[in-house]
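Below is start-v1.txt, which holds compact mmCIF, C-alpha atoms.
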```
# COMPACT_ATOMS: atom_id res chain seq x y z
CA GLU P 1 145.18 140.27 159.60
CA VAL P 2 148.00 142.69 160.08
CA ASP P 3 150.61 142.41 157.37
CA GLY P 4 153.09 144.51 155.46
CA LYS P 5 155.57 147.09 156.63
CA ARG P 6 154.31 149.09 159.61
CA ARG P 7 155.58 151.42 162.27
CA SER P 8 156.30 149.55 165.46
CA LEU P 9 153.75 149.66 168.24
CA ASN P 10 154.27 152.27 170.91
CA GLU P 11 153.19 150.46 174.10
CA ALA P 12 152.62 153.71 176.02
CA LYS P 13 150.27 154.88 173.26
CA VAL P 14 148.44 151.51 173.30
CA LYS P 15 147.91 151.83 177.09
CA PHE P 16 146.67 155.41 176.70
CA ILE P 17 144.22 154.43 173.96
CA ALA P 18 143.08 151.37 175.96
CA ALA P 19 142.35 153.56 178.98
CA SER P 20 140.32 155.90 176.80
CA MET P 21 138.46 153.03 175.13
CA ARG P 22 137.70 151.47 178.53
CA GLU P 23 136.28 154.77 179.75
CA ILE P 24 134.34 156.07 176.72
CA GLY P 25 134.36 153.22 174.21
CA GLN P 26 135.80 153.12 170.74
CA GLN P 27 135.31 156.50 169.08
CA SER P 28 137.14 155.92 165.79
CA PRO P 29 136.79 152.74 163.75
CA ILE P 30 139.81 150.95 162.34
CA THR P 31 140.04 150.64 158.55
CA LEU P 32 140.27 147.34 156.68
CA CYS P 33 140.46 146.30 153.07
CA THR P 34 139.81 142.94 151.54
CA VAL P 35 142.76 141.05 150.06
CA GLY P 36 141.44 137.93 148.42
CA LYS P 37 138.86 136.94 151.01
CA ARG P 38 140.90 138.10 154.02
CA PRO P 39 140.24 141.32 155.91
CA VAL P 40 143.57 143.16 156.24
CA LEU P 41 144.27 146.13 158.50
CA VAL P 42 144.93 149.41 156.71
CA ASP P 43 144.73 151.88 159.60
CA GLY P 44 144.29 151.52 163.35
CA LEU P 45 147.07 149.25 164.61
CA HIS P 46 147.24 151.00 167.99
CA ARG P 47 143.44 150.94 168.40
CA LEU P 48 143.39 147.24 167.50
CA ALA P 49 146.16 146.49 170.00
CA ALA P 50 144.29 148.49 172.65
CA ALA P 51 141.09 146.50 172.02
CA LYS P 52 143.06 143.25 172.28
CA SER P 53 144.61 144.39 175.57
CA LEU P 54 141.07 144.98 176.86
CA ARG P 55 140.18 141.47 175.65
CA TRP P 56 137.47 142.78 173.36
CA ASP P 57 136.28 140.22 170.85
CA ARG P 58 134.79 142.88 168.53
CA ILE P 59 135.91 146.24 167.23
CA ARG P 60 134.17 148.71 164.93
CA CYS P 61 135.71 148.98 161.49
CA LEU P 62 135.27 150.44 158.05
CA PHE P 63 135.99 148.52 154.86
CA MET P 64 137.57 150.70 152.22
CA ALA P 65 137.12 150.28 148.49
CA GLY P 66 140.15 150.38 146.24
CA ASP P 67 143.25 148.44 145.41
CA LYS P 68 146.46 147.71 147.30
CA ILE P 69 147.98 151.04 146.30
CA ASP P 70 144.90 152.91 147.59
CA ALA P 71 145.15 151.02 150.89
CA HIS P 72 148.83 151.87 151.23
CA LEU P 73 148.16 155.55 150.45
CA TRP P 74 145.41 155.55 153.11
CA GLN P 75 147.82 154.08 155.67
CA ILE P 76 150.55 156.61 154.86
CA SER P 77 148.05 159.48 155.01
CA ALA P 78 146.83 158.42 158.43
CA ASN P 79 150.38 158.21 159.74
CA LEU P 80 151.44 161.54 158.23
CA HIS P 81 148.45 163.38 159.66
CA ARG P 82 148.10 161.71 163.07
CA ALA P 83 151.22 159.90 164.17
CA ASP P 84 154.26 161.26 165.95
CA LEU P 85 156.86 160.49 163.32
CA THR P 86 160.56 161.22 163.41
CA VAL P 87 161.95 163.36 160.59
CA LEU P 88 163.29 160.17 158.98
CA GLU P 89 159.97 158.28 159.26
CA ARG P 90 158.08 161.28 157.87
CA ALA P 91 160.51 161.63 154.95
CA GLU P 92 160.22 157.92 154.16
CA SER P 93 156.41 158.17 154.24
CA ILE P 94 156.35 161.18 151.93
CA GLU P 95 158.74 159.47 149.52
CA GLU P 96 156.68 156.29 149.62
CA TRP P 97 153.57 158.37 148.79
CA ARG P 98 155.41 159.93 145.82
CA MET P 99 156.45 156.51 144.52
CA LEU P 100 152.94 155.06 144.94
CA ILE P 101 151.21 157.87 143.05
CA ARG P 102 153.77 157.48 140.25
CA LYS P 103 153.07 153.74 140.19
CA LYS P 104 149.32 154.36 140.20
CA ALA P 105 149.68 156.84 137.32
CA LYS P 106 151.62 154.28 135.27
CA VAL P 107 149.01 151.59 135.91
CA GLY P 108 146.23 153.95 134.85
CA GLN P 109 148.12 155.39 131.87
CA VAL P 110 146.02 155.22 128.74
CA ALA P 111 148.04 157.39 126.36
CA LEU P 112 151.22 156.06 124.84
CA PRO P 113 154.38 157.27 126.59
CA GLY P 114 156.42 159.87 124.78
CA GLY P 115 156.46 163.56 124.11
CA HIS P 116 157.14 166.05 126.86
CA GLN P 117 157.68 164.31 130.20
CA PRO P 118 157.70 166.34 133.42
CA LYS P 119 161.02 166.20 135.25
CA ASP P 120 159.59 166.58 138.73
CA VAL P 121 158.84 162.79 138.94
CA GLY P 122 155.70 163.25 141.02
CA ILE P 123 157.01 166.00 143.28
CA ASN P 124 154.34 168.56 142.28
CA ARG P 125 151.47 166.12 142.66
CA THR P 126 152.77 164.78 145.99
CA ALA P 127 153.17 168.31 147.33
CA LYS P 128 149.65 169.22 146.22
CA GLU P 129 148.01 166.05 147.57
CA LEU P 130 149.76 166.23 150.96
CA GLY P 131 149.59 170.02 151.37
CA LEU P 132 153.38 170.37 151.39
CA THR P 133 155.80 172.54 149.48
CA LYS P 134 157.75 171.05 146.58
CA GLU P 135 160.93 171.69 148.56
CA GLU P 136 159.59 169.60 151.50
CA VAL P 137 158.95 166.73 149.09
CA ARG P 138 162.43 167.09 147.55
CA ARG P 139 164.06 167.06 151.00
CA SER P 140 162.03 163.99 151.93
CA LYS P 141 163.15 162.27 148.72
CA ALA P 142 166.79 163.00 149.55
CA ILE P 143 166.49 161.81 153.16
CA ALA P 144 164.59 158.66 152.21
CA GLY P 145 167.37 157.90 149.72
CA ILE P 146 170.01 157.55 152.41
CA TRP P 147 171.72 154.18 152.23
CA PRO P 148 170.13 151.67 154.70
CA LYS P 149 173.27 151.16 156.83
CA ALA P 150 173.70 154.92 157.14
CA LYS P 151 170.02 155.21 158.14
CA ALA P 152 170.52 152.54 160.80
CA ALA P 153 173.63 154.33 162.09
CA ALA P 154 171.74 157.64 162.15
CA ILE P 155 168.93 156.04 164.16
CA THR P 156 171.40 154.47 166.60
CA GLY P 157 173.13 157.85 166.94
CA LYS P 158 169.77 159.55 167.56
CA LEU P 159 170.04 161.65 164.39
CA ASP P 160 166.74 160.41 162.94
CA ASN P 161 164.89 163.48 164.21
CA SER P 162 167.39 166.05 162.90
CA GLN P 163 166.55 167.23 159.41
CA ARG P 164 169.81 169.15 159.16
CA ALA P 165 171.91 166.08 159.99
CA LEU P 166 169.91 163.81 157.68
CA LEU P 167 170.24 166.24 154.76
CA GLU P 168 173.98 166.45 155.34
CA ILE P 169 174.19 162.65 155.27
CA ALA P 170 171.99 162.49 152.14
CA LYS P 171 174.32 164.89 150.27
CA GLN P 172 177.11 162.34 150.33
CA PRO P 173 177.55 160.44 147.05
CA THR P 174 178.54 157.02 148.42
CA PRO P 175 177.43 154.75 151.26
CA SER P 176 180.86 154.95 152.92
CA ALA P 177 180.81 158.77 152.74
CA GLN P 178 177.34 158.76 154.31
CA LEU P 179 178.54 156.53 157.17
CA LYS P 180 181.57 158.79 157.69
CA VAL P 181 179.34 161.86 158.00
CA VAL P 182 177.08 160.04 160.49
CA GLU P 183 180.16 159.26 162.63
CA GLU P 184 181.42 162.86 162.37
CA ILE P 185 178.07 164.31 163.42
CA ILE P 186 177.72 161.91 166.33
```

Spit out the file's structure as structure tokens when you get a sec.
Amino acid sequence: EVDGKRRSLNEAKVKFIAASMREIGQQSPITLCTVGKRPVLVDGLHRLAAAKSLRWDRIRCLFMAGDKIDAHLWQISANLHRADLTVLERAESIEEWRMLIRKKAKVGQVALPGGHQPKDVGINRTAKELGLTKEEVRRSKAIAGIWPKAKAAAITGKLDNSQRALLEIAKQPTPSAQLKVVEEII
């Protein structure tokens, strides 16, 4: 099963992968996890679509161990390291990673909360785990925090691949100010 939030399929990429798979076979397995008793896709949507386009009834896969958060982190990691993401998609993925590792830390917290709490809210750990600078993670957090209507307007205006424009939009304190900046930049 394919469920949850995913990047949309790029049909040109599916055709390219299908041509490769027809010629040399499947070289990289897709990754699944078990949710209840259902196998659910974690990584490999384009490979799966390519196999379906070739009318294959079987595809090689790996089953990963771990929980839902681990599966989501795996999916984000695969996209960050392999996929052609826009600046906006990349920022949203990095921010999602940061939020997931914070959630995972809270679930696994054994000590009672209190005492000195770091103010970086997962920025250091995210930067370390993804091989990024703390500033890259902070910029991603700001961009991912853009109000949804302003994000949609930025995408429509083809600003989703301009870090400079997205950071300018993110600086604005209100949704209406963000939309105004999108219109000015366009």

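When CA of Glu184 in chain P is paired with CA of Trp147 in chain P, their separation reads 16.5 Å.
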
Exercise: range 154-159 of chain P partners within 9 Å, all atoms listed in the file, chain neighbours under 3 positions left out, as a PyMOL selection string:
chain P and resi 88+149-151+162-163+165-166+169+179+182-183+185-186

Would you kindly return, as a PyMOL selection string, each protein, DNA or RNA residue with an atom no farther than 9 Å from any atom of range 50-63 of chain P, considering all atoms listed in the file and excluding same-chain residues fewer than 6 positions away?
chain P and resi 13-19+21-22+26-34+39

What's the 12 Å shell around Asp67 in chain P, counting all atoms listed in the file, without same-chain residues fewer than 4 positions away, as a VMD selection string?
chain P and resid 32 to 36 42 63 71 to 74 100 104 107

With only C-alpha atoms as the counted atoms, please give the residues lying no more than 8 Å from range 123-126 of chain P, apart from itself and same-chain residues fewer than 5 positions off, as a ChimeraX atom specification.
/P:94,97-98,101,132,134,137-138

Distance CA of Arg6 in chain P-CA of Leu130 in chain P, one decimal place?
19.7 Å

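Closest approach to Lys68 in chain P among P:Leu41, P:Leu80, P:Ala153, P:Ala49 is made by P:Leu41 (distances from only C-alpha atoms).
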